[in-house]
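> Sharing a structure with you now.
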Amino acid sequence: MLKTAAPDIAALKLAEERLRWLSAWTIHHANHIRESADGLKVGGHQASCASMTAIMAALYFHALGPNDRVAVKPHAGPVLHAIHYLLGSQSLEQLQNFRGYQGMQSYPSRTKDKIPVDFSTGSVGLGVAITAFASLIQDYLTAHGMMDEADRGRFVALIGDAELDEGNIYECLIEAYKHDIRNCWWIVDYNRQSLDATSTDRMFERFDEIFASCGWRTIELRYGKKLAAALKANPAVGEWLDTLPNADHSALLYQGGAAWRARIEKDLGKKADKLLKTYDDEALTALMSDLGGHCMETLTQVFDAAQDDVPTLFVAWTVKGFGLPFAGHKDNHAGLMNPTQMAAFRESMGVAEGSEWEPLNGVGDNARPGLEALIEKCRIAREKRTRDFGRVKMPALPAPTGDEQSTQAAFGRILLDLAKSGHPLADRIVTTSPDVTVSTNLGAWVNQRGLFKRREMADVFAQAKIASAQKWSASNQGQHIELGIAESNLFLMLAAAGLSGDLFGERLFPIGTLYDPFIARGLDSLNYACYQDARFLLVATPSGITLGPEGGAHQSINPPLIALGQPGLRHYEPAFADELAIMMREAFRLIDDPAGESTYLRLSTRSIQQFERANDDWQADALAGGYWLREPGPNAESAIVAMGAVMPEALAAHEELSADIPGLGLLAVTSPDLLHRGWSAAQAARWGGQRQPSHAETLLSKLEPGAGLVTLCDGAPASLSWLGGVLGQRVAPLGVDRFGQTGNLPDLYAAYRLDGDAITEAIAEVLLTA
């Protein structure tokens, strides 16, 4: 980190005023001036912005270096855009189109906003936690020689105090402590208000204890310089103010000087005479609003004093709606100034009517050069960085040999072979898992490539000569980051590692493994990772009721449907090892492709007989979502459509029925997600006058019109049953639609209608209704 220059307090205060004005005006323009096509409230958060303007001015125009990265609290997004407007890297058109189509977004977005955004925010708490994992990834890259020490930066999260109710923050805090993360600043905008109410007083007293116990330095910025001096001279008022409940504090801030005077006189009597005689009501209003989070001297002082790499929690006391007419009011969260209030605010800020969008309007001629100089020497990136792709050549990934294999075991073997190959791709792979490394078949990879820790950690069992298949020594050259049992942390780690090319200029190929049913436990974080186009490979195994003895708690039903509706995530569900090999290669290619995405592989522990191939002609279709494992004959009136672990049942049923049902086909679906995407895109293209058939249509057109389909998967039947709508074919859907029992596979497949008898009955049903 670079040392900061001495702060220009006067210029910083002017910058804060500009941010307060521009953020409020941007929201006002969208709600009261811009023409509305639908009459709906546009919204915005003027109060939430105003509580952060001093903090963000002190950061962006003083404390931040060129390599620092910031996650801005969602409701302060307009302040970030105002900063870039002052810097010249945001356009007037974008500000005027706040929350409009292709305009500046409601909340900071890496992919949709035109300005540089380090981390998308919006789902509260997640933007906070990803900064800790990004710090860990920076340590990883530095240790592996992919990043120079001089290029390292700090990771800053600007936190609304209500975000501290989010459990994922504390899951992250525990993991961050385990990995000894550093170079993090988390700055709490402690305005003591949430969306609906004021914050609970007693919880505030615990934050410093919680963070301190996890190795964080905690710094409280309670009072500004003027208020602190006044309270020092009037200790009775200071003691009273220190214990004033949050709700009372907010109400008094809203009511103003006369209310402060009456309350202080009532509670303290003559003990407060000195203070009350010194300030009239207007001055008393200003004094009691001089909290640490609005005092530029206090902010710059504490930021300058924390230039080491110790993770630090700053609790900055602020006024929600600072400087606005509804400051402190408990209902101000979504409140908007009306035109009359805005006119008064504009006048108070010295902005001329008709010049509202001029960046420095209202700044006096004598003060303008100082503010212009401050803006000019700002060290943050002014333009959006170009995303760097296409730097790693993809190797061939041969399928493991063996007559019988499970896809989970094949995954481990493919990764081990890659680890041993010495290919540059292997050196850029980083794996991670929430305490299921061994049971998801990452063990061999870890044995080969090692655990990552900043400080070396010996394998105590190996040193004691205790036999173990796992070598768990760790060093800063390891390539596996072991996590605790918290799936949200897994997806945030994948998000941070999946943005390494964007954040640090060095692309990693992250692989995360977990049990398939527990995707749902971290689903918000997975969606968050995909929203900002982080690139990774997610391997979920074991899946379905095929993990029979584990029972319903570990069996998965709906993840294929989750994948079907998740943008930015491609789902593959291979049945055979050779399918898995080409899908893993494709997943790596997609990580490094500008038009790519992340990939989710749904694997199984079931060992099945491998399929003999005559050639490789099937591969392109398999990567597109499906291929004919048994081509339908001429005039075929039915087909079995199967996916994943239940392919042996589909093959056996096909062999048994094909003699009696002429032309019966067997379609192997490898990705219902891709088939559905392609079909939807083709439908949309037709509405635009184009007539290109989708892959699903091409496959199913080999059957007679009105042919019957029996769909079969170890998951929700809806994962495949929609295929009947592609060409209007009848469907008998087989799958799992309720929580499973324990049991062996023959018993379970019979109970949940995934066996040969169920397929035969379903074929008969679709043929009878022909």
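Residue numbers start at 1 in each chain; chains themselves are named A, B, ... in the order of the structure tokens; ligands are numbered from 1 in the order shown.
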Give me every helix (DSSP H, G or I) residue in range 445-583 of chain A, going by DSSP on the backbone, as an MDAnalysis selection string.

chainID A and resid 445:449 460:463 487:498 500:504 516:531 548:550 559:564 577:583

> Taking only C-alpha atoms into account, produce a table as a Markdown table in which each residue of range 352-440 of chain A with an atom at most 8 Å from an atom of range 99-118 of chain A appears once, together with its shortest atom pair and the distance in Å to one decimal, ordered by chain and rising number.


```
| residue | atom | partner | partner_atom | distance |
| --- | --- | --- | --- | --- |
| A:Ala381 | CA | A:Pro116 | CA | 7.3 |
| A:Arg382 | CA | A:Pro116 | CA | 7.3 |
| A:Glu383 | CA | A:Pro116 | CA | 6.0 |
| A:Lys384 | CA | A:Pro116 | CA | 4.2 |
| A:Arg385 | CA | A:Pro116 | CA | 6.7 |
```

> Hey, can you spit out that residue selection with N, CA and C atoms as a PDB file, in the first residue's frame?


```pdb
ATOM      1  N   ALA A 381      -8.681   4.008  -9.972  1.00  0.00           N
ATOM      2  CA  ALA A 381      -8.858   3.824 -11.411  1.00  0.00           C
ATOM      3  C   ALA A 381     -10.033   4.668 -11.893  1.00  0.00           C
ATOM      4  N   ARG A 382      -9.842   5.379 -13.003  1.00  0.00           N
ATOM      5  CA  ARG A 382     -10.874   6.269 -13.507  1.00  0.00           C
ATOM      6  C   ARG A 382     -11.708   5.625 -14.605  1.00  0.00           C
ATOM      7  N   GLU A 383     -11.190   4.595 -15.224  1.00  0.00           N
ATOM      8  CA  GLU A 383     -11.911   3.949 -16.319  1.00  0.00           C
ATOM      9  C   GLU A 383     -12.106   2.474 -15.999  1.00  0.00           C
ATOM     10  N   LYS A 384     -13.116   1.896 -16.595  1.00  0.00           N
ATOM     11  CA  LYS A 384     -13.404   0.488 -16.387  1.00  0.00           C
ATOM     12  C   LYS A 384     -12.306  -0.355 -17.025  1.00  0.00           C
ATOM     13  N   ARG A 385     -11.811  -1.325 -16.267  1.00  0.00           N
ATOM     14  CA  ARG A 385     -10.731  -2.163 -16.760  1.00  0.00           C
ATOM     15  C   ARG A 385     -11.259  -3.180 -17.775  1.00  0.00           C
TER      16      ARG A 385
END
```

> Closest to Phe588 in chain A among A:Glu166, A:Ala283, A:Tyr600, A:Gln610, using only C-alpha atoms?

A:Tyr600

> To one decimal place in Å, what is the distance between CA of Asp755 in chain A and CA of Gly544 in chain A?

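Between CA of Asp755 in chain A and CA of Gly544 in chain A the gap is 14.4 Å.
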
> As a list in words, please: the residues near Phe211 in chain A (cut-off 10 Å, only C-alpha atoms, same-chain neighbours under 3 positions excluded).

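Final neighbour list, sorted by chain and number: Tyr170, Leu173, Ile174, Tyr177, Arg206, Phe207, Asp208, Cys214, Gly215, Trp216, Arg217, Thr218, Pro311, Thr312 and Leu313 of chain A.
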
> I'd like to know which of A:Arg192, A:Lys277, A:His81, A:His423 is closest to Val315 in chain A, using only C-alpha atoms.

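Answer, going by the shortest atom-to-atom distance: A:Arg192.
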
> How many Å separate CA of Asn246 in chain A from CA of Lys274 in chain A?

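Atom-to-atom, CA of Asn246 in chain A to CA of Lys274 in chain A, that is 24.9 Å.
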
> I want to know what sits within 10 Å of Arg387 in chain A, based on only C-alpha atoms, with residues of the same chain fewer than 2 positions away left out; could you give that as a list in words?

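Close residues of Arg387 in chain A: Lys384, Arg385, Phe389, Leu499, Gly501, Asp502, Leu503, Gly505 and Pro594 of chain A.
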
> Could you give me, as JSON, numbers by chain, the residues within 10 Å of range 434-447 of chain A, counting only C-alpha atoms and dropping anything in the same chain fewer than 2 positions from it?

{"A": [408, 409, 410, 411, 412, 413, 414, 415, 416, 417, 418, 419, 420, 431, 432, 449, 450, 451, 452, 469, 470, 471, 472, 473, 474, 478, 479, 480, 481, 482, 483, 484, 485, 486, 487, 488, 489, 490, 491, 511, 512, 513, 514, 515, 539, 540, 541, 542, 603, 604, 605]}

> Between CA of His179 in chain A and CA of Ala462 in chain A, what is the distance in Å, rounded to a tenth?

22.1 Å

> Kindly provide the residues of range 522-607 of chain A that approach range 611-627 of chain A to within 10 Å, each paired with its closest atom pair and their distance in Å to one decimal, based on only C-alpha atoms, listed by chain and increasing number, as JSON lines.


```
{"residue": "A:His571", "atom": "CA", "partner": "A:Gly625", "partner_atom": "CA", "distance": 9.1}
{"residue": "A:Tyr572", "atom": "CA", "partner": "A:Gly625", "partner_atom": "CA", "distance": 7.7}
{"residue": "A:Glu573", "atom": "CA", "partner": "A:Gly625", "partner_atom": "CA", "distance": 9.3}
{"residue": "A:Pro574", "atom": "CA", "partner": "A:Ala622", "partner_atom": "CA", "distance": 9.0}
{"residue": "A:Ala575", "atom": "CA", "partner": "A:Phe611", "partner_atom": "CA", "distance": 9.5}
{"residue": "A:Phe576", "atom": "CA", "partner": "A:Phe611", "partner_atom": "CA", "distance": 7.2}
{"residue": "A:Ala577", "atom": "CA", "partner": "A:Phe611", "partner_atom": "CA", "distance": 9.2}
{"residue": "A:Asp578", "atom": "CA", "partner": "A:Phe611", "partner_atom": "CA", "distance": 8.9}
{"residue": "A:Glu579", "atom": "CA", "partner": "A:Ala622", "partner_atom": "CA", "distance": 7.4}
{"residue": "A:Ile582", "atom": "CA", "partner": "A:Gln619", "partner_atom": "CA", "distance": 7.6}
{"residue": "A:Met583", "atom": "CA", "partner": "A:Leu623", "partner_atom": "CA", "distance": 6.8}
{"residue": "A:Glu586", "atom": "CA", "partner": "A:Leu623", "partner_atom": "CA", "distance": 7.9}
```

> Fewer than 4 positions away in the same chain doesn't count, so skip those; otherwise give me all residues within 9 Å of Asp309 in chain A, counting only C-alpha atoms, as a ChimeraX atom specification.

/A:1,154,182-184

> Output the selection as a short mmCIF file (atom, residue, chain, number, x, y, z; two decimals), in the first residue's frame - N, CA and C atoms for each residue.


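And here is the file that came out, out-v6.cif:
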```cif
data_model
loop_
_atom_site.label_atom_id
_atom_site.label_comp_id
_atom_site.auth_asym_id
_atom_site.auth_seq_id
_atom_site.Cartn_x
_atom_site.Cartn_y
_atom_site.Cartn_z
N MET A 1 0.83 -1.20 0.00
CA MET A 1 0.00 0.00 0.00
C MET A 1 0.87 1.25 0.00
N ARG A 154 -5.47 -3.13 -0.70
CA ARG A 154 -6.34 -3.37 0.45
C ARG A 154 -7.76 -3.59 -0.06
N ARG A 182 -5.62 -10.68 5.86
CA ARG A 182 -5.10 -9.36 6.19
C ARG A 182 -5.55 -8.35 5.13
N ASN A 183 -5.09 -7.12 5.28
CA ASN A 183 -5.37 -6.08 4.28
C ASN A 183 -6.86 -5.87 4.04
N CYS A 184 -7.65 -5.94 5.10
CA CYS A 184 -9.08 -5.67 4.98
C CYS A 184 -9.48 -4.51 5.88
#
```

> For the structure I just gave you, how does DSSP split range 646-765 of chain A - specifically, which residues are strand (DSSP E or B)? Reply as a ChimeraX atom specification.

/A:665-669,708-712,730-734

> Skip Leu275 in chain A itself and residues of its chain fewer than 4 positions away, then list as a PyMOL selection string all residues within 12 Å of it, counting only C-alpha atoms.

chain A and resi 227+229-238+260-261+264-265+268-271+279-281+283-284+287-288

> For the selection just defined, write its residues with N, CA and C atoms to a file, as an mmCIF file, in the first residue's frame.


```cif
data_model
loop_
_atom_site.group_PDB
_atom_site.id
_atom_site.type_symbol
_atom_site.label_atom_id
_atom_site.label_comp_id
_atom_site.auth_asym_id
_atom_site.auth_seq_id
_atom_site.Cartn_x
_atom_site.Cartn_y
_atom_site.Cartn_z
ATOM 1 N N LEU A 227 -17.585 18.165 18.380
ATOM 2 C CA LEU A 227 -18.446 17.611 19.428
ATOM 3 C C LEU A 227 -17.616 16.990 20.536
ATOM 4 N N ALA A 229 -14.690 17.919 21.542
ATOM 5 C CA ALA A 229 -14.144 19.004 22.374
ATOM 6 C C ALA A 229 -15.221 19.580 23.293
ATOM 7 N N ALA A 230 -16.430 19.733 22.751
ATOM 8 C CA ALA A 230 -17.520 20.271 23.571
ATOM 9 C C ALA A 230 -17.874 19.322 24.704
ATOM 10 N N LEU A 231 -17.861 18.057 24.454
ATOM 11 C CA LEU A 231 -18.199 17.078 25.496
ATOM 12 C C LEU A 231 -17.093 16.974 26.532
ATOM 13 N N LYS A 232 -15.851 17.158 26.096
ATOM 14 C CA LYS A 232 -14.741 17.145 27.054
ATOM 15 C C LYS A 232 -14.874 18.305 28.032
ATOM 16 N N ALA A 233 -15.356 19.436 27.517
ATOM 17 C CA ALA A 233 -15.558 20.598 28.378
ATOM 18 C C ALA A 233 -16.838 20.501 29.205
ATOM 19 N N ASN A 234 -17.713 19.569 28.816
ATOM 20 C CA ASN A 234 -18.990 19.370 29.517
ATOM 21 C C ASN A 234 -19.186 17.878 29.772
ATOM 22 N N PRO A 235 -18.405 17.289 30.689
ATOM 23 C CA PRO A 235 -18.395 15.836 30.869
ATOM 24 C C PRO A 235 -19.751 15.240 31.232
ATOM 25 N N ALA A 236 -20.592 15.964 31.915
ATOM 26 C CA ALA A 236 -21.904 15.418 32.273
ATOM 27 C C ALA A 236 -22.735 15.184 31.011
ATOM 28 N N VAL A 237 -22.639 16.095 30.052
ATOM 29 C CA VAL A 237 -23.359 15.923 28.785
ATOM 30 C C VAL A 237 -22.768 14.747 28.023
ATOM 31 N N GLY A 238 -21.436 14.586 28.068
ATOM 32 C CA GLY A 238 -20.798 13.459 27.390
ATOM 33 C C GLY A 238 -21.261 12.131 27.937
ATOM 34 N N TRP A 260 -33.203 19.100 21.309
ATOM 35 C CA TRP A 260 -31.989 18.744 22.048
ATOM 36 C C TRP A 260 -31.927 19.553 23.344
ATOM 37 N N ARG A 261 -32.185 20.835 23.251
ATOM 38 C CA ARG A 261 -32.080 21.712 24.426
ATOM 39 C C ARG A 261 -33.070 21.280 25.516
ATOM 40 N N ILE A 264 -31.986 17.869 27.068
ATOM 41 C CA ILE A 264 -30.796 17.973 27.907
ATOM 42 C C ILE A 264 -31.131 18.687 29.218
ATOM 43 N N GLU A 265 -31.920 19.747 29.120
ATOM 44 C CA GLU A 265 -32.331 20.453 30.341
ATOM 45 C C GLU A 265 -33.142 19.553 31.252
ATOM 46 N N LEU A 268 -30.557 16.730 32.587
ATOM 47 C CA LEU A 268 -29.324 17.117 33.279
ATOM 48 C C LEU A 268 -29.450 18.378 34.119
ATOM 49 N N GLY A 269 -30.473 19.153 33.854
ATOM 50 C CA GLY A 269 -30.649 20.374 34.626
ATOM 51 C C GLY A 269 -29.462 21.304 34.507
ATOM 52 N N LYS A 270 -29.009 21.844 35.653
ATOM 53 C CA LYS A 270 -27.937 22.837 35.674
ATOM 54 C C LYS A 270 -26.590 22.262 35.230
ATOM 55 N N LYS A 271 -26.436 20.933 35.233
ATOM 56 C CA LYS A 271 -25.163 20.332 34.819
ATOM 57 C C LYS A 271 -24.821 20.648 33.368
ATOM 58 N N TYR A 279 -24.292 27.559 22.873
ATOM 59 C CA TYR A 279 -24.827 27.299 21.535
ATOM 60 C C TYR A 279 -26.295 27.684 21.459
ATOM 61 N N ASP A 280 -26.663 28.428 20.394
ATOM 62 C CA ASP A 280 -28.082 28.633 20.135
ATOM 63 C C ASP A 280 -28.644 27.374 19.480
ATOM 64 N N ASP A 281 -29.927 27.352 19.170
ATOM 65 C CA ASP A 281 -30.554 26.130 18.662
ATOM 66 C C ASP A 281 -29.951 25.676 17.347
ATOM 67 N N ALA A 283 -26.903 26.281 16.176
ATOM 68 C CA ALA A 283 -25.550 25.776 16.420
ATOM 69 C C ALA A 283 -25.586 24.444 17.164
ATOM 70 N N LEU A 284 -26.581 24.296 18.048
ATOM 71 C CA LEU A 284 -26.700 23.038 18.780
ATOM 72 C C LEU A 284 -27.062 21.894 17.836
ATOM 73 N N LEU A 287 -23.864 21.000 16.127
ATOM 74 C CA LEU A 287 -22.928 20.354 17.053
ATOM 75 C C LEU A 287 -23.303 18.894 17.273
ATOM 76 N N MET A 288 -24.574 18.621 17.573
ATOM 77 C CA MET A 288 -24.976 17.263 17.899
ATOM 78 C C MET A 288 -24.960 16.342 16.670
#
```

> Find the residues of range 274-304 of chain A that sit at most 10 Å from range 2-23 of chain A; for each, write down the nearest two atoms and how far apart they are in Å, to one decimal. Count only C-alpha atoms. Sort by chain, then by number going up, and give it as CSV.


```
residue,atom,partner,partner_atom,distance
A:His294,CA,A:Glu16,CA,9.1
A:Cys295,CA,A:Lys13,CA,8.8
A:Met296,CA,A:Ile9,CA,6.4
A:Glu297,CA,A:Ile9,CA,6.7
A:Thr300,CA,A:Pro7,CA,6.8
A:Gln301,CA,A:Pro7,CA,8.8
A:Phe303,CA,A:Thr4,CA,9.2
A:Asp304,CA,A:Thr4,CA,6.9
```

> Between A:Ala286, A:Leu703, A:Leu241, A:Ala63, which one has atoms that come closest to Ala306 in chain A, using only C-alpha atoms?

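Of the candidates, the smallest distance to Ala306 in chain A is held by A:Ala63.
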